[in-house]
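**Q** Dumping the structure here so I can ask a few things about it.
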Amino acid sequence: MARNNDDMLMEDELTAAFMDEGSAPAAADDTAPAEDAPLAEDDGWADNTDDFPGQLAVDVYETAEQLVVKARTAGISKSDLDVSISDNILTISGVLSGGEDEHTTRWHIQECYWGEFSRTIALPVQVREDENSVKAELKDGVLTITFEKEKVEAPKKIQIQ
């Protein structure tokens, strides 16, 4: 679907959206930092990832008989994964290791998440939680958890007397 120009941010609005509140655009003069200047130690992008475990991306869909949860878990071994369900709440957690090298002196780009992750999902339909009704498989970096859906009887009409 094509968008008209009224839906798009104007250049000034886009610039303002990425600037700190109250700061004005920098003038094009000699006081602006050079583009190739190194970033300051505290460039404002630091975040404390130790406080928040990483999120796991998931797909959740259903078929006539099953509910399926798929999660991208590339680089994670089975022994580093924990999957549990209780009261129709699914939790997938684990540790993704391998991002640190003790000889690293300076990072240039670090986009990959390394460390603990966790994802808790309230399943959208009732599922059977017994061992024989749930199957979990880790293949080619994708964790697939398949649940048998709980058989739900159709509502019964009650005749009003």
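Order determines the names: the first chain of the structure tokens is A, the second B, and so forth; residues in each chain are numbered 1 upward, and ligands are numbered 1 upward as they are shown.
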If we count only C-alpha atoms, what is near Leu81 of chain A at a cut-off of 8 Å, once residues fewer than 2 positions away on the same chain are taken out, given as a ChimeraX atom specification?

**A** /A:76-79,83,92-95

**Q** Report as CSV: every residue of segment 64-114 of chain A with an atom at most 8 Å from segment 146-159 of chain A, its closest pair of atoms, and their distance in Å to one decimal, counting only C-alpha atoms, with rows sorted by chain and ascending residue number.

**A**
residue,atom,partner,partner_atom,distance
A:Glu65,CA,A:Lys149,CA,5.8
A:Gln66,CA,A:Glu148,CA,4.6
A:Leu67,CA,A:Phe147,CA,5.1
A:Val68,CA,A:Thr146,CA,4.6
A:Val69,CA,A:Thr146,CA,6.5

**Q** Could you please take those selected residues and save N, CA and C atoms as a JSON list (two decimals), in the first residue's frame?

**A**
[["chain", "number", "residue", "atom", "x", "y", "z"],
["A", 65, "GLU", "N", -5.55, -29.52, 15.37],
["A", 65, "GLU", "CA", -5.34, -30.37, 16.55],
["A", 65, "GLU", "C", -4.22, -29.88, 17.48],
["A", 66, "GLN", "N", -3.36, -28.97, 17.00],
["A", 66, "GLN", "CA", -2.17, -28.63, 17.78],
["A", 66, "GLN", "C", -1.94, -27.13, 17.88],
["A", 67, "LEU", "N", -1.16, -26.75, 18.90],
["A", 67, "LEU", "CA", -0.62, -25.41, 19.03],
["A", 67, "LEU", "C", 0.89, -25.56, 18.89],
["A", 68, "VAL", "N", 1.51, -24.72, 18.05],
["A", 68, "VAL", "CA", 2.94, -24.85, 17.77],
["A", 68, "VAL", "C", 3.64, -23.54, 18.13],
["A", 69, "VAL", "N", 4.76, -23.67, 18.84],
["A", 69, "VAL", "CA", 5.60, -22.53, 19.19],
["A", 69, "VAL", "C", 6.97, -22.79, 18.57]]

**Q** So the first atom is atom CA of Arg72 of chain A and the second is atom CA of Leu56 of chain A; what is the distance between them in Å, to one decimal place?

**A**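 So the answer is 7.3 Å.
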
**Q** I'd like the neighbourhood of Val60 of chain A as a list in words, where a residue qualifies if any of its atoms comes within 12 Å (using only C-alpha atoms), though same-chain residues fewer than 2 positions away should be ignored.

**A** Ala57, Val58, Glu62, Thr63, Gln66, Leu67, Val68, Val69, Lys70, Ala71, Leu90, Ile121, Ala122, Leu123, Pro124, Val125, Leu143, Thr144, Ile145, Thr146 and Phe147 of chain A

**Q** Those residues you just picked out, can you put them in a file as a tab-separated table (two decimals), in the first residue's frame with C-alpha atoms?

**A**
chain	number	residue	atom	x	y	z
A	57	ALA	CA	11.78	-14.21	19.11
A	58	VAL	CA	8.93	-16.69	18.70
A	62	GLU	CA	-2.28	-23.44	15.65
A	63	THR	CA	-3.60	-26.20	13.46
A	66	GLN	CA	-2.17	-28.63	17.78
A	67	LEU	CA	-0.62	-25.41	19.03
A	68	VAL	CA	2.94	-24.85	17.77
A	69	VAL	CA	5.60	-22.53	19.19
A	70	LYS	CA	8.79	-21.97	17.17
A	71	ALA	CA	11.80	-20.04	18.44
A	90	LEU	CA	5.14	-21.46	28.55
A	121	ILE	CA	4.19	-16.70	26.82
A	122	ALA	CA	0.56	-17.07	27.88
A	123	LEU	CA	-0.63	-19.63	25.36
A	124	PRO	CA	-3.69	-18.42	23.40
A	125	VAL	CA	-5.59	-21.73	23.63
A	143	LEU	CA	13.24	-24.96	18.72
A	144	THR	CA	9.77	-26.31	17.88
A	145	ILE	CA	7.37	-27.11	20.71
A	146	THR	CA	4.13	-28.83	19.70
A	147	PHE	CA	1.19	-29.12	22.08

**Q** What is the distance, in Å and to one decimal place, between atom CA of Gln55 of chain A and atom CA of Asn132 of chain A?

**A**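 Distance reported for this atom pair: 28.3 Å.
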
**Q** Using atom CA of Thr73 of chain A and atom CA of Ser118 of chain A as the two end points, give the distance in Å to one decimal.

**A** 11.6 Å
